[in-house]
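Contents: one structure, followed by commentary.
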Amino acid sequence: METEKNRLLELCKTIREDILVMLNKAGSGHPGGSLSATELITVLYFGGIMKYDASNPNWAQRDFFILSKGHACPVVYAALARAGFFSTDELGKLRQLGSILQGHPNSKSTPGIDCSSGSLGQGLSISNGLGLAFKKQGRPNRVYCLLGDGETQEGQIWEAAMTSAHNNLDNVCAILDSNGIQLDGFIDDIKKIEPVADKWRAFGWNVIECDGHDVVQVFDAYRAAFSAVGKPSIIIAKTVKGKGVSFMEDDCKWHGLTPDDEQLAKALAEIRG
């Protein structure tokens, strides 16, 4: 297990580097929420959790991933490139005209992206539609949906949460990247969502809480979600916005601010150190 843990930790470093380099080159994008979700995405794609075939992105038996907080796509693009869905050279073309990697996920242009997203609050509803279809068709596919805590202030999330539980969608696993910050500031200053775990339990969900930057805890959380029967699962992962870069951590301005060359060099030195 220690060898596997170290492999995942090294991948997390690589993906954080990819995020920062591509955003620096693009000159626009969202580092904070990409860095906070790095362990969540890395373990999902490289920890033996999610079924996929990078050589056949449309494989019918694959598990589906829905990035509800679509602005955090750099972390997913980095994972897809490292998994072999497309060349890592494409990461240098983020947000360029004609690139397969746009500022929000586009399922029509990016191999491995199952759903276009960007309008917050919609991802869980889409996941429910997939999960319900798989149930009715008797298919074993699972659906993983990454939510931002800012978007859980939206009513559609809670309508979707009721729908998941009502239909016993145990093939749906939501992941809440609970970093406490959204575009305009701290969650608690804008609209408090606590007690988050109690709310999801009240809506009929299997609730799993973990440290979202501990790869072992994240792995165990995914396994616990996989084992749940008769109800959907949500992993509430406590994370830090901008994790891994000291001057970005827990700072609201890095929601959508990209590093300049000097800041990039400092950030990469921290990650590699």
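Lettering and numbering for the structure tokens are positional, with chains as A, B, ... in the shown order, residues counted from 1 in each chain, and ligands counted from 1 in the shown order.
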
Write out as a PDB file with N, CA and C atoms, in the first residue's frame each polymer residue whose atoms come within 7 Å of segment 249-256 of chain A, counting only C-alpha atoms; drop sequence neighbours fewer than 6 positions from it.
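Ended up saving to part08.pdb:
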```
ATOM      1  N   GLY A  29      -8.091  31.349 -16.451  1.00  0.00           N
ATOM      2  CA  GLY A  29      -8.551  30.058 -15.949  1.00  0.00           C
ATOM      3  C   GLY A  29      -8.655  30.053 -14.439  1.00  0.00           C
ATOM      4  N   HIS A  30      -8.791  28.874 -13.872  1.00  0.00           N
ATOM      5  CA  HIS A  30      -9.146  28.739 -12.462  1.00  0.00           C
ATOM      6  C   HIS A  30      -8.208  27.782 -11.733  1.00  0.00           C
ATOM      7  N   PRO A  31      -7.176  28.302 -11.083  1.00  0.00           N
ATOM      8  CA  PRO A  31      -6.249  27.423 -10.372  1.00  0.00           C
ATOM      9  C   PRO A  31      -6.757  26.911  -9.030  1.00  0.00           C
ATOM     10  N   GLY A  32      -7.420  27.774  -8.250  1.00  0.00           N
ATOM     11  CA  GLY A  32      -7.764  27.426  -6.876  1.00  0.00           C
ATOM     12  C   GLY A  32      -8.547  26.143  -6.726  1.00  0.00           C
ATOM     13  N   GLY A  33      -9.647  26.048  -7.446  1.00  0.00           N
ATOM     14  CA  GLY A  33     -10.508  24.881  -7.355  1.00  0.00           C
ATOM     15  C   GLY A  33     -10.000  23.682  -8.113  1.00  0.00           C
ATOM     16  N   ILE A 181     -14.535  28.165  -0.349  1.00  0.00           N
ATOM     17  CA  ILE A 181     -14.417  29.428  -1.086  1.00  0.00           C
ATOM     18  C   ILE A 181     -15.124  29.309  -2.433  1.00  0.00           C
ATOM     19  N   LEU A 183     -16.421  32.058  -6.015  1.00  0.00           N
ATOM     20  CA  LEU A 183     -15.936  33.178  -6.819  1.00  0.00           C
ATOM     21  C   LEU A 183     -15.835  34.475  -6.019  1.00  0.00           C
ATOM     22  N   GLY A 185     -15.937  35.026  -2.667  1.00  0.00           N
ATOM     23  CA  GLY A 185     -15.439  35.043  -1.294  1.00  0.00           C
ATOM     24  C   GLY A 185     -15.665  33.731  -0.582  1.00  0.00           C
ATOM     25  N   VAL A 240      -8.519  22.396   0.651  1.00  0.00           N
ATOM     26  CA  VAL A 240      -8.001  23.762   0.749  1.00  0.00           C
ATOM     27  C   VAL A 240      -7.894  24.340  -0.657  1.00  0.00           C
ATOM     28  N   LYS A 241      -8.538  25.458  -0.874  1.00  0.00           N
ATOM     29  CA  LYS A 241      -8.441  26.136  -2.170  1.00  0.00           C
ATOM     30  C   LYS A 241      -6.970  26.453  -2.463  1.00  0.00           C
ATOM     31  N   GLY A 242      -6.507  26.126  -3.649  1.00  0.00           N
ATOM     32  CA  GLY A 242      -5.125  26.413  -4.015  1.00  0.00           C
ATOM     33  C   GLY A 242      -4.103  25.504  -3.361  1.00  0.00           C
ATOM     34  N   LYS A 243      -4.527  24.327  -2.910  1.00  0.00           N
ATOM     35  CA  LYS A 243      -3.660  23.431  -2.153  1.00  0.00           C
ATOM     36  C   LYS A 243      -2.349  23.125  -2.890  1.00  0.00           C
TER      37      LYS A 243
END
```

message: Set the distance at 10 Å and use only C-alpha atoms: which residues neighbour Ile236 of chain A once local chain neighbours fewer than 5 positions away are removed? I'd like the list as a ChimeraX atom specification.
response: /A:147,149,174-178,196-197,200,207-212,218,221

Per-residue DSSP, segment 68-192 of chain A, filtered to helix (DSSP H, G or I), as a PyMOL selection string: chain A and resi 70-83+88-93+123-137+151-153+155-166+187-190

Saved selection, atoms kept: C-alpha atoms, as a compact mmCIF listing (two decimals), in the first residue's frame:
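Wrote again-v6.txt, looks like this:
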```txt
# COMPACT_ATOMS: atom_id res chain seq x y z
CA GLY A 70 -16.83 22.92 -14.94
CA HIS A 71 -14.41 25.79 -14.35
CA ALA A 72 -12.07 23.33 -12.57
CA CYS A 73 -11.44 21.52 -15.87
CA PRO A 74 -7.63 21.98 -15.77
CA VAL A 75 -7.32 19.23 -13.15
CA VAL A 76 -9.43 16.88 -15.29
CA TYR A 77 -7.55 17.75 -18.48
CA ALA A 78 -4.26 16.99 -16.74
CA ALA A 79 -5.57 13.65 -15.50
CA LEU A 80 -6.94 12.70 -18.92
CA ALA A 81 -3.64 13.56 -20.59
CA ARG A 82 -1.62 11.57 -18.03
CA ALA A 83 -4.04 8.65 -18.43
CA THR A 88 0.24 16.01 -22.93
CA ASP A 89 1.24 18.47 -25.68
CA GLU A 90 -2.43 19.48 -25.83
CA LEU A 91 -2.20 20.92 -22.31
CA GLY A 92 -0.16 23.80 -23.70
CA LYS A 93 -3.11 24.80 -25.89
CA GLY A 123 -24.14 18.16 -12.89
CA LEU A 124 -25.98 16.10 -10.32
CA SER A 125 -29.19 16.19 -12.37
CA ILE A 126 -27.23 14.92 -15.38
CA SER A 127 -25.67 12.21 -13.22
CA ASN A 128 -29.13 11.13 -12.08
CA GLY A 129 -30.28 10.78 -15.67
CA LEU A 130 -27.33 8.55 -16.47
CA GLY A 131 -27.67 6.54 -13.27
CA LEU A 132 -31.38 5.97 -13.80
CA ALA A 133 -30.83 4.91 -17.41
CA PHE A 134 -28.12 2.44 -16.38
CA LYS A 135 -30.44 0.96 -13.74
CA LYS A 136 -33.29 0.52 -16.20
CA GLN A 137 -30.95 -1.04 -18.77
CA GLU A 151 -22.81 25.51 -6.27
CA THR A 152 -24.55 23.57 -3.51
CA GLN A 153 -26.15 26.89 -2.60
CA GLY A 155 -31.74 24.85 -5.47
CA GLN A 156 -31.31 22.46 -8.38
CA ILE A 157 -28.66 20.54 -6.42
CA TRP A 158 -31.18 19.75 -3.69
CA GLU A 159 -33.92 18.82 -6.15
CA ALA A 160 -31.42 16.45 -7.72
CA ALA A 161 -30.40 15.11 -4.30
CA MET A 162 -34.03 14.19 -3.60
CA THR A 163 -34.30 12.52 -6.99
CA SER A 164 -31.18 10.40 -6.44
CA ALA A 165 -32.43 9.11 -3.11
CA HIS A 166 -36.02 8.60 -4.31
CA ILE A 187 -18.87 30.32 1.53
CA ASP A 188 -19.84 31.21 5.09
CA ASP A 189 -19.85 34.93 4.28
CA ILE A 190 -22.06 34.55 1.21
```

query: Where does DSSP see strand (DSSP E or B) in segment 65-192 of chain A, if you list the residues as a list of chain:residue names?
result: A:Phe65, A:Ile66, A:Leu67, A:Val143, A:Tyr144, A:Cys145, A:Leu146, A:Leu147, A:Gly148, A:Val172, A:Cys173, A:Ala174, A:Ile175, A:Leu176, A:Asp177, A:Ser178, A:Ile181, A:Gln182, A:Gly185, A:Phe186

Store the residues of this selection in a file with N, CA and C atoms, as an mmCIF file, in the first residue's frame.
```
data_model
loop_
_atom_site.group_PDB
_atom_site.id
_atom_site.type_symbol
_atom_site.label_atom_id
_atom_site.label_comp_id
_atom_site.auth_asym_id
_atom_site.auth_seq_id
_atom_site.Cartn_x
_atom_site.Cartn_y
_atom_site.Cartn_z
ATOM 1 N N PHE A 65 -17.801 10.244 -15.636
ATOM 2 C CA PHE A 65 -17.434 11.313 -14.709
ATOM 3 C C PHE A 65 -18.043 12.619 -15.195
ATOM 4 N N ILE A 66 -18.753 13.307 -14.300
ATOM 5 C CA ILE A 66 -19.382 14.582 -14.619
ATOM 6 C C ILE A 66 -18.733 15.656 -13.748
ATOM 7 N N LEU A 67 -18.093 16.621 -14.381
ATOM 8 C CA LEU A 67 -17.494 17.737 -13.653
ATOM 9 C C LEU A 67 -18.534 18.842 -13.550
ATOM 10 N N VAL A 143 -21.608 6.372 -11.976
ATOM 11 C CA VAL A 143 -21.468 7.783 -12.328
ATOM 12 C C VAL A 143 -20.844 8.523 -11.142
ATOM 13 N N TYR A 144 -19.778 9.250 -11.413
ATOM 14 C CA TYR A 144 -19.113 10.074 -10.407
ATOM 15 C C TYR A 144 -19.298 11.538 -10.786
ATOM 16 N N CYS A 145 -19.669 12.363 -9.806
ATOM 17 C CA CYS A 145 -19.983 13.761 -10.080
ATOM 18 C C CYS A 145 -19.275 14.651 -9.066
ATOM 19 N N LEU A 146 -18.386 15.527 -9.549
ATOM 20 C CA LEU A 146 -17.666 16.434 -8.655
ATOM 21 C C LEU A 146 -18.409 17.763 -8.551
ATOM 22 N N LEU A 147 -18.768 18.105 -7.309
ATOM 23 C CA LEU A 147 -19.485 19.340 -7.015
ATOM 24 C C LEU A 147 -18.575 20.327 -6.295
ATOM 25 N N GLY A 148 -18.826 21.612 -6.519
ATOM 26 C CA GLY A 148 -18.198 22.644 -5.712
ATOM 27 C C GLY A 148 -19.130 23.029 -4.576
ATOM 28 N N VAL A 172 -24.707 6.163 -8.292
ATOM 29 C CA VAL A 172 -24.305 7.571 -8.365
ATOM 30 C C VAL A 172 -23.491 7.927 -7.127
ATOM 31 N N CYS A 173 -22.322 8.486 -7.361
ATOM 32 C CA CYS A 173 -21.460 8.948 -6.271
ATOM 33 C C CYS A 173 -21.114 10.411 -6.515
ATOM 34 N N ALA A 174 -21.578 11.274 -5.632
ATOM 35 C CA ALA A 174 -21.203 12.686 -5.693
ATOM 36 C C ALA A 174 -19.961 12.906 -4.840
ATOM 37 N N ILE A 175 -19.139 13.842 -5.254
ATOM 38 C CA ILE A 175 -17.951 14.209 -4.486
ATOM 39 C C ILE A 175 -18.013 15.709 -4.267
ATOM 40 N N LEU A 176 -18.033 16.134 -3.029
ATOM 41 C CA LEU A 176 -18.094 17.563 -2.714
ATOM 42 C C LEU A 176 -16.694 18.068 -2.383
ATOM 43 N N ASP A 177 -16.170 18.935 -3.245
ATOM 44 C CA ASP A 177 -14.876 19.570 -3.021
ATOM 45 C C ASP A 177 -15.108 20.737 -2.062
ATOM 46 N N SER A 178 -15.035 20.440 -0.781
ATOM 47 C CA SER A 178 -15.435 21.401 0.251
ATOM 48 C C SER A 178 -14.239 22.269 0.657
ATOM 49 N N ILE A 181 -14.535 28.165 -0.349
ATOM 50 C CA ILE A 181 -14.417 29.428 -1.086
ATOM 51 C C ILE A 181 -15.124 29.309 -2.433
ATOM 52 N N GLN A 182 -15.777 30.394 -2.852
ATOM 53 C CA GLN A 182 -16.365 30.460 -4.181
ATOM 54 C C GLN A 182 -15.880 31.740 -4.865
ATOM 55 N N GLY A 185 -15.937 35.026 -2.667
ATOM 56 C CA GLY A 185 -15.439 35.043 -1.294
ATOM 57 C C GLY A 185 -15.665 33.731 -0.582
ATOM 58 N N PHE A 186 -15.661 33.797 0.756
ATOM 59 C CA PHE A 186 -15.825 32.598 1.565
ATOM 60 C C PHE A 186 -17.297 32.179 1.605
#
```

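Distance check against Asp198 of chain A using only C-alpha atoms: of A:Val216, A:Ala267, A:Ile234, A:Asp18, the minimum falls on A:Ile234.
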
query: Taking into account only C-alpha atoms, which residue in the set A:Pro111, A:Gly204, A:Gly98, A:Pro259 is nearest to Met22 of chain A?
result: A:Pro259

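Atom to atom, atom CA of Gly103 of chain A and atom CA of Phe86 of chain A stand 17.0 Å apart.
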
task: Go through A:Lys108, A:Leu94, A:Gln122, A:Asp114 one by one, measure the shortest atom-to-atom distance of each to Val21 of chain A using only C-alpha atoms, and give the residue with the smallest value.
output: A:Leu94

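Picture a line from atom CA of Glu154 of chain A to atom CA of Ser117 of chain A; it runs 15.5 Å.
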
message: When you look at Leu268 of chain A with a cut-off of 9 Å (counting only C-alpha atoms), what residues show up, excluding the ones that are within fewer than 5 positions of it in the same chain? I need them as a count of residues only.
response: 7
